[in-house]
$ cat structure-v2.cif   # mmCIF, C-alpha atoms; chains and numbers go by the auth columns
data_model
#
loop_
_atom_site.group_PDB
_atom_site.id
_atom_site.type_symbol
_atom_site.label_atom_id
_atom_site.label_comp_id
_atom_site.label_asym_id
_atom_site.label_seq_id
_atom_site.Cartn_x
_atom_site.Cartn_y
_atom_site.Cartn_z
_atom_site.B_iso_or_equiv
_atom_site.auth_seq_id
_atom_site.auth_asym_id
ATOM 1 C CA ALA A 1 -15.377 -7.860 1.700 0.00 1 H
ATOM 2 C CA MET A 2 -16.737 -6.519 -1.586 0.00 2 H
ATOM 3 C CA LYS A 3 -19.567 -4.593 0.089 0.00 3 H
ATOM 4 C CA TRP A 4 -16.932 -2.540 1.936 0.00 4 H
ATOM 5 C CA GLU A 5 -14.867 -1.852 -1.190 0.00 5 H
ATOM 6 C CA LYS A 6 -17.206 -1.321 -4.143 0.00 6 H
ATOM 7 C CA CYS A 7 -20.542 0.299 -4.892 0.00 7 H
ATOM 8 C CA PHE A 8 -23.205 -2.310 -5.681 0.00 8 H
ATOM 9 C CA ASP A 9 -24.872 -0.005 -8.231 0.00 9 H
ATOM 10 C CA CYS A 10 -21.929 1.181 -10.357 0.00 10 H
ATOM 11 C CA GLY A 11 -19.169 -1.225 -9.343 0.00 11 H
ATOM 12 C CA GLN A 12 -16.663 1.554 -8.665 0.00 12 H
ATOM 13 C CA CYS A 13 -14.288 1.313 -5.713 0.00 13 H
ATOM 14 C CA PHE A 14 -14.995 3.657 -2.835 0.00 14 H
ATOM 15 C CA HIS A 15 -12.439 6.408 -2.272 0.00 15 H
ATOM 16 C CA GLY A 16 -11.743 9.470 -0.163 0.00 16 H
ATOM 17 C CA VAL A 17 -13.734 10.084 3.007 0.00 17 H
ATOM 18 C CA VAL A 18 -16.323 7.452 2.027 0.00 18 H
ATOM 19 C CA LYS A 19 -13.610 4.787 1.903 0.00 19 H
ATOM 20 C CA LEU A 20 -12.354 5.908 5.312 0.00 20 H
ATOM 21 C CA ALA A 21 -15.841 5.959 6.847 0.00 21 H
ATOM 22 C CA LEU A 22 -16.535 2.435 5.596 0.00 22 H
ATOM 23 C CA ALA A 23 -13.175 1.199 6.852 0.00 23 H
ATOM 24 C CA ARG A 24 -14.021 2.530 10.317 0.00 24 H
ATOM 25 C CA ALA A 25 -17.460 0.881 10.116 0.00 25 H
ATOM 26 C CA MET A 26 -15.790 -2.364 9.054 0.00 26 H
ATOM 27 C CA TRP A 27 -13.490 -2.133 12.083 0.00 27 H
ATOM 28 C CA LYS A 28 -16.465 -1.698 14.415 0.00 28 H
ATOM 29 C CA THR A 29 -18.380 -4.533 12.751 0.00 29 H
ATOM 30 C CA TYR A 30 -15.640 -7.141 13.130 0.00 30 H
ATOM 31 C CA PHE A 31 -14.005 -5.974 16.355 0.00 31 H
ATOM 32 C CA ALA A 32 -16.829 -4.491 18.455 0.00 32 H
ATOM 33 C CA ALA A 33 -18.141 -7.987 19.247 0.00 33 H
ATOM 34 C CA ARG A 34 -15.037 -8.838 21.235 0.00 34 H
ATOM 35 C CA ILE A 35 -15.194 -5.561 23.135 0.00 35 H
ATOM 36 C CA PHE A 36 -18.914 -6.120 23.819 0.00 36 H
ATOM 37 C CA ARG A 37 -18.215 -9.588 25.185 0.00 37 H
ATOM 38 C CA ARG A 38 -15.928 -8.088 27.830 0.00 38 H
ATOM 39 C CA ARG A 39 -18.658 -5.598 28.746 0.00 39 H
ATOM 40 C CA VAL A 40 -21.202 -8.433 29.043 0.00 40 H
ATOM 41 C CA ALA A 41 -18.889 -10.356 31.361 0.00 41 H
ATOM 42 C CA ALA A 42 -18.503 -7.300 33.597 0.00 42 H
ATOM 43 C CA THR A 43 -22.196 -6.319 33.691 0.00 43 H
ATOM 44 C CA PRO A 44 -24.799 -8.761 35.116 0.00 44 H
ATOM 45 C CA ARG A 45 -27.677 -6.862 33.500 0.00 45 H
ATOM 46 C CA LEU A 46 -26.134 -7.288 30.072 0.00 46 H
ATOM 47 C CA GLN A 47 -25.512 -10.946 30.827 0.00 47 H
ATOM 48 C CA ARG A 48 -29.269 -11.421 31.359 0.00 48 H
ATOM 49 C CA GLY A 49 -30.238 -9.406 28.289 0.00 49 H
ATOM 50 C CA TYR A 50 -27.902 -10.868 25.682 0.00 50 H
ATOM 51 C CA SER A 51 -26.602 -14.250 24.733 0.00 51 H
ATOM 52 C CA GLU A 52 -22.834 -14.299 25.166 0.00 52 H
ATOM 53 C CA GLY A 53 -22.416 -16.709 22.295 0.00 53 H
ATOM 54 C CA ARG A 54 -23.855 -14.167 19.894 0.00 54 H
ATOM 55 C CA TYR A 55 -21.025 -11.722 20.692 0.00 55 H
ATOM 56 C CA LEU A 56 -18.060 -14.041 20.744 0.00 56 H
ATOM 57 C CA GLY A 57 -15.040 -12.443 19.041 0.00 57 H
ATOM 58 C CA ARG A 58 -13.434 -14.023 16.012 0.00 58 H
ATOM 59 C CA PRO A 59 -10.423 -16.290 16.592 0.00 59 H
ATOM 60 C CA VAL A 60 -7.074 -14.527 16.559 0.00 60 H
ATOM 61 C CA THR A 61 -6.071 -16.304 13.333 0.00 61 H
ATOM 62 C CA ASP A 62 -9.234 -15.274 11.456 0.00 62 H
ATOM 63 C CA ASP A 63 -8.160 -13.587 8.211 0.00 63 H
ATOM 64 C CA LYS A 64 -10.917 -10.992 8.664 0.00 64 H
ATOM 65 C CA ARG A 65 -8.823 -9.389 11.402 0.00 65 H
ATOM 66 C CA SER A 66 -5.887 -8.780 9.089 0.00 66 H
ATOM 67 C CA MET A 67 -8.187 -7.679 6.281 0.00 67 H
ATOM 68 C CA VAL A 68 -9.885 -5.118 8.532 0.00 68 H
ATOM 69 C CA MET A 69 -6.596 -3.707 9.813 0.00 69 H
ATOM 70 C CA GLY A 70 -5.275 -3.525 6.259 0.00 70 H
ATOM 71 C CA GLN A 71 -8.398 -1.765 5.011 0.00 71 H
ATOM 72 C CA LEU A 72 -8.344 0.803 7.799 0.00 72 H
ATOM 73 C CA GLY A 73 -4.628 1.499 7.406 0.00 73 H
ATOM 74 C CA ASN A 74 -4.958 1.799 3.641 0.00 74 H
ATOM 75 C CA ALA A 75 -7.967 4.135 3.946 0.00 75 H
ATOM 76 C CA LEU A 76 -6.130 6.402 6.377 0.00 76 H
ATOM 77 C CA ASN A 77 -3.106 6.326 4.097 0.00 77 H
ATOM 78 C CA SER A 78 -5.041 7.247 0.967 0.00 78 H
ATOM 79 C CA ASN A 79 -6.665 10.150 2.819 0.00 79 H
ATOM 80 C CA GLY A 80 -3.274 11.574 3.767 0.00 80 H
ATOM 81 C CA ARG A 81 -3.645 10.728 7.461 0.00 81 H
ATOM 82 C CA TYR A 82 -0.226 9.099 7.605 0.00 82 H
ATOM 83 C CA THR A 83 0.453 9.602 11.320 0.00 83 H
ATOM 84 C CA GLU A 84 -2.770 7.765 12.201 0.00 84 H
ATOM 85 C CA ALA A 85 -2.184 5.142 9.519 0.00 85 H
ATOM 86 C CA LEU A 86 1.345 4.168 10.578 0.00 86 H
ATOM 87 C CA PRO A 87 0.571 2.238 13.818 0.00 87 H
ATOM 88 C CA VAL A 88 -2.381 0.491 12.152 0.00 88 H
ATOM 89 C CA ILE A 89 -0.288 -0.592 9.163 0.00 89 H
ATOM 90 C CA GLU A 90 2.619 -1.677 11.377 0.00 90 H
ATOM 91 C CA ALA A 91 0.237 -3.745 13.531 0.00 91 H
ATOM 92 C CA SER A 92 -1.324 -5.292 10.437 0.00 92 H
ATOM 93 C CA LEU A 93 2.080 -6.260 9.020 0.00 93 H
ATOM 94 C CA ALA A 94 3.218 -7.731 12.347 0.00 94 H
ATOM 95 C CA PHE A 95 -0.040 -9.698 12.493 0.00 95 H
ATOM 96 C CA ARG A 96 0.529 -11.065 8.980 0.00 96 H
ATOM 97 C CA ARG A 97 4.115 -12.014 9.714 0.00 97 H
ATOM 98 C CA ARG A 98 3.083 -13.882 12.843 0.00 98 H
ATOM 99 C CA TRP A 99 0.165 -15.883 11.485 0.00 99 H
ATOM 100 C CA TRP A 100 0.660 -15.931 7.690 0.00 100 H
ATOM 101 C CA SER A 101 4.433 -15.905 7.282 0.00 101 H
ATOM 102 C CA HIS A 102 4.055 -18.500 4.496 0.00 102 H
ATOM 103 C CA GLU A 103 1.862 -16.150 2.416 0.00 103 H
ATOM 104 C CA GLU A 104 4.520 -14.268 0.436 0.00 104 H
ATOM 105 C CA GLU A 105 2.144 -11.978 -1.465 0.00 105 H
ATOM 106 C CA PHE A 106 0.173 -11.190 1.692 0.00 106 H
ATOM 107 C CA ILE A 107 3.376 -10.027 3.423 0.00 107 H
ATOM 108 C CA ARG A 108 4.515 -8.005 0.392 0.00 108 H
ATOM 109 C CA THR A 109 1.198 -6.163 0.245 0.00 109 H
ATOM 110 C CA GLY A 110 1.563 -5.162 3.891 0.00 110 H
ATOM 111 C CA GLN A 111 5.135 -4.019 3.259 0.00 111 H
ATOM 112 C CA CYS A 112 4.001 -1.926 0.294 0.00 112 H
ATOM 113 C CA HIS A 113 1.402 -0.179 2.459 0.00 113 H
ATOM 114 C CA LEU A 114 4.024 0.498 5.118 0.00 114 H
ATOM 115 C CA ALA A 115 6.526 1.867 2.597 0.00 115 H
ATOM 116 C CA ALA A 116 3.868 4.156 1.097 0.00 116 H
ATOM 117 C CA CYS A 117 2.977 5.446 4.563 0.00 117 H
ATOM 118 C CA LEU A 118 6.626 6.102 5.398 0.00 118 H
ATOM 119 C CA GLY A 119 6.923 8.020 2.142 0.00 119 H
ATOM 120 C CA GLY A 120 3.864 10.066 3.054 0.00 120 H
ATOM 121 C CA LEU A 121 5.561 10.963 6.324 0.00 121 H
ATOM 122 C CA GLY A 122 8.663 12.089 4.429 0.00 122 H
ATOM 123 C CA ARG A 123 10.710 9.130 5.700 0.00 123 H
ATOM 124 C CA TYR A 124 11.912 8.234 2.207 0.00 124 H
ATOM 125 C CA ASP A 125 15.166 6.671 3.368 0.00 125 H
ATOM 126 C CA GLU A 126 13.203 4.040 5.315 0.00 126 H
ATOM 127 C CA ALA A 127 10.706 3.624 2.479 0.00 127 H
ATOM 128 C CA LEU A 128 13.573 3.070 0.031 0.00 128 H
ATOM 129 C CA VAL A 129 15.039 0.245 2.117 0.00 129 H
ATOM 130 C CA LEU A 130 11.644 -1.440 2.261 0.00 130 H
ATOM 131 C CA TYR A 131 10.926 -0.990 -1.447 0.00 131 H
ATOM 132 C CA ARG A 132 14.293 -2.521 -2.330 0.00 132 H
ATOM 133 C CA GLU A 133 13.515 -5.528 -0.142 0.00 133 H
ATOM 134 C CA ILE A 134 10.120 -5.927 -1.829 0.00 134 H
ATOM 135 C CA TYR A 135 11.696 -5.543 -5.278 0.00 135 H
ATOM 136 C CA ALA A 136 14.299 -8.250 -4.608 0.00 136 H
ATOM 137 C CA ARG A 137 11.567 -10.684 -3.549 0.00 137 H
ATOM 138 C CA GLU A 138 9.388 -9.850 -6.550 0.00 138 H
ATOM 139 C CA VAL A 139 12.277 -10.320 -8.978 0.00 139 H
ATOM 140 C CA ALA A 140 12.930 -13.731 -7.433 0.00 140 H
ATOM 141 C CA THR A 141 9.276 -14.850 -7.401 0.00 141 H
ATOM 142 C CA LEU A 142 7.564 -12.929 -10.219 0.00 142 H
ATOM 143 C CA GLY A 143 10.385 -11.872 -12.545 0.00 143 H
ATOM 144 C CA VAL A 144 11.557 -8.418 -13.643 0.00 144 H
ATOM 145 C CA SER A 145 8.820 -8.038 -16.265 0.00 145 H
ATOM 146 C CA HIS A 146 5.845 -8.566 -13.955 0.00 146 H
ATOM 147 C CA GLU A 147 3.652 -5.491 -13.494 0.00 147 H
ATOM 148 C CA HIS A 148 3.997 -5.630 -9.704 0.00 148 H
ATOM 149 C CA THR A 149 7.789 -5.712 -10.007 0.00 149 H
ATOM 150 C CA ILE A 150 7.727 -2.786 -12.421 0.00 150 H
ATOM 151 C CA GLY A 151 5.490 -0.856 -10.039 0.00 151 H
ATOM 152 C CA THR A 152 7.887 -1.439 -7.140 0.00 152 H
ATOM 153 C CA SER A 153 10.867 -0.349 -9.251 0.00 153 H
ATOM 154 C CA CYS A 154 8.924 2.866 -9.957 0.00 154 H
ATOM 155 C CA ASN A 155 8.492 3.369 -6.233 0.00 155 H
ATOM 156 C CA ILE A 156 12.245 2.937 -5.750 0.00 156 H
ATOM 157 C CA ALA A 157 12.952 5.562 -8.412 0.00 157 H
ATOM 158 C CA ASN A 158 10.403 7.908 -6.851 0.00 158 H
ATOM 159 C CA ALA A 159 12.018 7.557 -3.414 0.00 159 H
ATOM 160 C CA LEU A 160 15.409 8.281 -4.970 0.00 160 H
ATOM 161 C CA VAL A 161 13.995 11.477 -6.481 0.00 161 H
ATOM 162 C CA HIS A 162 12.684 12.625 -3.110 0.00 162 H
ATOM 163 C CA LEU A 163 16.085 11.895 -1.573 0.00 163 H
ATOM 164 C CA LYS A 164 17.656 14.097 -4.287 0.00 164 H
ATOM 165 C CA LEU A 165 19.587 11.125 -5.687 0.00 165 H
ATOM 166 C CA LEU A 166 18.654 12.143 -9.214 0.00 166 H
ATOM 167 C CA ASP A 167 21.486 10.343 -11.024 0.00 167 H
ATOM 168 C CA ASP A 168 20.458 7.076 -9.360 0.00 168 H
ATOM 169 C CA ALA A 169 16.799 7.760 -10.191 0.00 169 H
ATOM 170 C CA LYS A 170 17.563 8.451 -13.865 0.00 170 H
ATOM 171 C CA LYS A 171 19.651 5.290 -14.065 0.00 171 H
ATOM 172 C CA MET A 172 16.837 3.288 -12.479 0.00 172 H
ATOM 173 C CA TYR A 173 14.270 4.632 -14.933 0.00 173 H
ATOM 174 C CA ARG A 174 16.513 4.241 -17.996 0.00 174 H
ATOM 175 C CA ASP A 175 18.126 0.880 -17.279 0.00 175 H
ATOM 176 C CA GLN A 176 15.438 -1.036 -15.417 0.00 176 H
ATOM 177 C CA VAL A 177 11.974 0.460 -15.165 0.00 177 H
ATOM 178 C CA LEU A 178 11.304 1.752 -18.669 0.00 178 H
ATOM 179 C CA PRO A 179 12.872 -1.195 -20.589 0.00 179 H
ATOM 180 C CA ALA A 180 10.907 -3.681 -18.465 0.00 180 H
ATOM 181 C CA ALA A 181 7.651 -1.765 -18.992 0.00 181 H
ATOM 182 C CA ARG A 182 8.132 -1.519 -22.758 0.00 182 H
ATOM 183 C CA ARG A 183 9.031 -5.194 -22.984 0.00 183 H
ATOM 184 C CA SER A 184 6.182 -6.439 -20.813 0.00 184 H
ATOM 185 C CA LEU A 185 3.372 -3.912 -21.275 0.00 185 H
ATOM 186 C CA GLY A 186 4.180 -2.252 -24.586 0.00 186 H
ATOM 187 C CA ALA A 187 5.322 1.262 -25.429 0.00 187 H
ATOM 188 C CA ASP A 188 1.745 2.609 -25.639 0.00 188 H
ATOM 189 C CA HIS A 189 0.505 1.189 -22.347 0.00 189 H
ATOM 190 C CA ASN A 190 -0.690 3.841 -19.907 0.00 190 H
ATOM 191 C CA PHE A 191 1.722 2.698 -17.187 0.00 191 H
ATOM 192 C CA THR A 192 4.651 2.821 -19.638 0.00 192 H
ATOM 193 C CA LEU A 193 3.677 6.349 -20.675 0.00 193 H
ATOM 194 C CA ILE A 194 3.534 7.438 -17.020 0.00 194 H
ATOM 195 C CA ILE A 195 7.020 6.021 -16.452 0.00 195 H
ATOM 196 C CA SER A 196 8.312 7.841 -19.539 0.00 196 H
ATOM 197 C CA ARG A 197 6.800 11.090 -18.286 0.00 197 H
ATOM 198 C CA ASN A 198 8.381 10.592 -14.872 0.00 198 H
ATOM 199 C CA LEU A 199 11.798 10.145 -16.475 0.00 199 H
ATOM 200 C CA ALA A 200 11.288 13.300 -18.527 0.00 200 H
ATOM 201 C CA ILE A 201 10.363 15.261 -15.385 0.00 201 H
ATOM 202 C CA VAL A 202 13.460 14.031 -13.537 0.00 202 H
ATOM 203 C CA LEU A 203 15.662 14.989 -16.503 0.00 203 H
ATOM 204 C CA TYR A 204 14.134 18.457 -16.724 0.00 204 H
ATOM 205 C CA ASP A 205 14.053 19.199 -12.980 0.00 205 H
ATOM 206 C CA ASP A 206 17.699 18.280 -12.396 0.00 206 H
ATOM 207 C CA LEU A 207 19.529 21.572 -11.740 0.00 207 H
ATOM 208 C CA GLU A 208 22.668 19.988 -13.206 0.00 208 H
ATOM 209 C CA ARG A 209 20.887 18.921 -16.386 0.00 209 H
ATOM 210 C CA THR A 210 22.772 18.967 -19.655 0.00 210 H
ATOM 211 C CA ARG A 211 21.605 19.886 -23.115 0.00 211 H
ATOM 212 C CA ASP A 212 21.377 16.181 -23.909 0.00 212 H
ATOM 213 C CA ASP A 213 19.121 15.694 -20.870 0.00 213 H
ATOM 214 C CA LEU A 214 16.767 18.427 -22.105 0.00 214 H
ATOM 215 C CA LEU A 215 16.714 16.962 -25.615 0.00 215 H
ATOM 216 C CA GLU A 216 15.943 13.513 -24.184 0.00 216 H
ATOM 217 C CA ALA A 217 13.128 14.926 -22.068 0.00 217 H
ATOM 218 C CA GLU A 218 11.700 16.748 -25.070 0.00 218 H
ATOM 219 C CA THR A 219 11.872 13.620 -27.207 0.00 219 H
ATOM 220 C CA ILE A 220 10.068 11.583 -24.523 0.00 220 H
ATOM 221 C CA LEU A 221 7.248 14.130 -24.223 0.00 221 H
ATOM 222 C CA GLN A 222 6.639 14.493 -27.966 0.00 222 H
#
$ encode --input "structure-v2.cif" --output "structure tokens"
Amino acid sequence: AMKWEKCFDCGQCFHGVVKLALARAMWKTYFAARIFRRRVAATPRLQRGYSEGRYLGRPVTDDKRSMVMGQLGNALNSNGRYTEALPVIEASLAFRRRWWSHEEEFIRTGQCHLAACLGGLGRYDEALVLYREIYAREVATLGVSHEHTIGTSCNIANALVHLKLLDDAKKMYRDQVLPAARRSLGADHNFTLIISRNLAIVLYDDLERTRDDLLEAETILQ
């Protein structure tokens, strides 16, 4: 899958419209064979011209299928095409749950993509429910100090901000996210600094902010 994700020359991950174009090409590469097989079966001339075995589709449990759906959904998501991404991501997650229900991390990744897409569509209440479910599983399996768990707790706080639940968001940042990041990653880690900045922004943007909130925000940003 690396050839679809990274440049061979510089090693950087593809992004933007290039990432989306490659995801679509990946979809055609791994799924067109099955479609072509049906066309061969329906067209005698194609039957004579091509070997059916060459175009046999991959088995339904082949992990390439889930990978392709995930890549396409993620590419649409990252390009802001959330309405198009949603059915692809939902199908990918359903596919994972059916055939790889024992792969905890695989399922969580699909849930994260779905929650991000829901957030992009402005459906933050649904995204929040999903993020909380993911967070509970990560705490149980990875621990509160794992970077993935910290990232999910950030997503919860962000959803709370969008839902205008600023007191809950500030509490989340202060009591859970920031202490875990400082403990696990260190106070000078880039992720920790981003979390600190996010807390400062929430404190400052709250229309019911107090003087103490402003002083705390100023202290964080110094």
$ closest_residue --input "structure-v2.cif" --among "H:Ile194, H:Val129, H:Val161, H:Ala181" --to "Asp206 (chain H)" --atoms "all atoms listed in the file"
H:Val161
$ resolve_selection --input "structure-v2.cif" --expression "the PyMOL selection byres ((chain H and resi 102-113) around 8)" --output "PDB file with C-alpha atoms, keeping the file's coordinate frame"
ATOM      1  CA  GLY H  70      -5.275  -3.525   6.259  1.00  0.00           C
ATOM      2  CA  GLY H  73      -4.628   1.499   7.406  1.00  0.00           C
ATOM      3  CA  ASN H  74      -4.958   1.799   3.641  1.00  0.00           C
ATOM      4  CA  ILE H  89      -0.288  -0.592   9.163  1.00  0.00           C
ATOM      5  CA  SER H  92      -1.324  -5.292  10.437  1.00  0.00           C
ATOM      6  CA  LEU H  93       2.080  -6.260   9.020  1.00  0.00           C
ATOM      7  CA  ARG H  96       0.529 -11.065   8.980  1.00  0.00           C
ATOM      8  CA  ARG H  97       4.115 -12.014   9.714  1.00  0.00           C
ATOM      9  CA  TRP H 100       0.660 -15.931   7.690  1.00  0.00           C
ATOM     10  CA  SER H 101       4.433 -15.905   7.282  1.00  0.00           C
ATOM     11  CA  LEU H 114       4.024   0.498   5.118  1.00  0.00           C
ATOM     12  CA  ALA H 115       6.526   1.867   2.597  1.00  0.00           C
ATOM     13  CA  ALA H 116       3.868   4.156   1.097  1.00  0.00           C
ATOM     14  CA  CYS H 117       2.977   5.446   4.563  1.00  0.00           C
ATOM     15  CA  LEU H 130      11.644  -1.440   2.261  1.00  0.00           C
ATOM     16  CA  TYR H 131      10.926  -0.990  -1.447  1.00  0.00           C
ATOM     17  CA  ILE H 134      10.120  -5.927  -1.829  1.00  0.00           C
TER      18      ILE H 134
END
$ closest_residue --input "structure-v2.cif" --among "H:Gly143, H:Gly151, H:Pro179, H:Gly119" --to "Thr83 (chain H)" --atoms "only C-alpha atoms"
H:Gly119
$ closest_residue --input "structure-v2.cif" --among "H:Leu214, H:Lys164, H:Arg209, H:Met69" --to "Pro87 (chain H)" --atoms "all atoms listed in the file"
H:Met69
$ atom_distance --input "structure-v2.cif" --atom1 "CA of Ala157 (chain H)" --atom2 "CA of Glu133 (chain H)"
13.8 Å
$ closest_residue --input "structure-v2.cif" --among "H:Leu20, H:Leu86, H:Leu118, H:Cys13" --to "Gln71 (chain H)" --atoms "all atoms listed in the file"
H:Leu20
$ atom_distance --input "structure-v2.cif" --atom1 "CA of Asn77 (chain H)" --atom2 "CA of Leu199 (chain H)"
25.7 Å
$ atom_distance --input "structure-v2.cif" --atom1 "CA of Val68 (chain H)" --atom2 "CA of Arg24 (chain H)"
8.9 Å
$ closest_residue --input "structure-v2.cif" --among "H:Ala140, H:Ala169, H:Ala94, H:Val88" --to "Ala200 (chain H)" --atoms "all atoms listed in the file"
H:Ala169
$ resolve_selection --input "structure-v2.cif" --expression "the PyMOL selection byres ((chain H and resi 192) around 10)" --output "JSON, numbers by chain"
{"H": [150, 177, 178, 179, 180, 181, 182, 183, 184, 185, 186, 187, 188, 189, 190, 191, 193, 194, 195, 196, 197, 198]}
$ closest_residue --input "structure-v2.cif" --among "H:Gln176, H:Gln222, H:Ser78, H:Gln12" --to "Gly120 (chain H)" --atoms "only C-alpha atoms"
H:Ser78
$ decode --input "structure-v2.cif" --residues "region 72-84 of chain H" --atoms "N, CA and C atoms" --output "PDB file, in the first residue's frame"
ATOM      1  N   LEU H  72     -10.077   5.570   0.494  1.00  0.00           N
ATOM      2  CA  LEU H  72     -10.948   6.463  -0.267  1.00  0.00           C
ATOM      3  C   LEU H  72     -11.754   7.355   0.667  1.00  0.00           C
ATOM      4  N   GLY H  73     -12.319   6.764   1.712  1.00  0.00           N
ATOM      5  CA  GLY H  73     -13.094   7.556   2.674  1.00  0.00           C
ATOM      6  C   GLY H  73     -12.247   8.605   3.350  1.00  0.00           C
ATOM      7  N   ASN H  74     -11.027   8.224   3.738  1.00  0.00           N
ATOM      8  CA  ASN H  74     -10.123   9.151   4.407  1.00  0.00           C
ATOM      9  C   ASN H  74      -9.701  10.278   3.471  1.00  0.00           C
ATOM     10  N   ALA H  75      -9.463   9.950   2.192  1.00  0.00           N
ATOM     11  CA  ALA H  75      -9.057  10.970   1.219  1.00  0.00           C
ATOM     12  C   ALA H  75     -10.184  11.969   0.970  1.00  0.00           C
ATOM     13  N   LEU H  76     -11.409  11.469   0.842  1.00  0.00           N
ATOM     14  CA  LEU H  76     -12.550  12.362   0.685  1.00  0.00           C
ATOM     15  C   LEU H  76     -12.719  13.238   1.912  1.00  0.00           C
ATOM     16  N   ASN H  77     -12.542  12.632   3.068  1.00  0.00           N
ATOM     17  CA  ASN H  77     -12.666  13.353   4.339  1.00  0.00           C
ATOM     18  C   ASN H  77     -11.652  14.487   4.442  1.00  0.00           C
ATOM     19  N   SER H  78     -10.407  14.176   4.146  1.00  0.00           N
ATOM     20  CA  SER H  78      -9.336  15.168   4.287  1.00  0.00           C
ATOM     21  C   SER H  78      -9.430  16.280   3.261  1.00  0.00           C
ATOM     22  N   ASN H  79     -10.202  16.045   2.186  1.00  0.00           N
ATOM     23  CA  ASN H  79     -10.419  17.076   1.176  1.00  0.00           C
ATOM     24  C   ASN H  79     -11.724  17.842   1.404  1.00  0.00           C
ATOM     25  N   GLY H  80     -12.337  17.617   2.566  1.00  0.00           N
ATOM     26  CA  GLY H  80     -13.548  18.341   2.918  1.00  0.00           C
ATOM     27  C   GLY H  80     -14.802  17.882   2.202  1.00  0.00           C
ATOM     28  N   ARG H  81     -14.747  16.725   1.572  1.00  0.00           N
ATOM     29  CA  ARG H  81     -15.908  16.205   0.827  1.00  0.00           C
ATOM     30  C   ARG H  81     -16.646  15.211   1.721  1.00  0.00           C
ATOM     31  N   TYR H  82     -17.178  15.753   2.824  1.00  0.00           N
ATOM     32  CA  TYR H  82     -17.729  14.918   3.891  1.00  0.00           C
ATOM     33  C   TYR H  82     -18.984  14.159   3.466  1.00  0.00           C
ATOM     34  N   THR H  83     -19.833  14.785   2.665  1.00  0.00           N
ATOM     35  CA  THR H  83     -21.066  14.117   2.235  1.00  0.00           C
ATOM     36  C   THR H  83     -20.752  12.882   1.403  1.00  0.00           C
ATOM     37  N   GLU H  84     -19.744  12.976   0.531  1.00  0.00           N
ATOM     38  CA  GLU H  84     -19.322  11.829  -0.268  1.00  0.00           C
ATOM     39  C   GLU H  84     -18.588  10.799   0.589  1.00  0.00           C
TER      40      GLU H  84
END
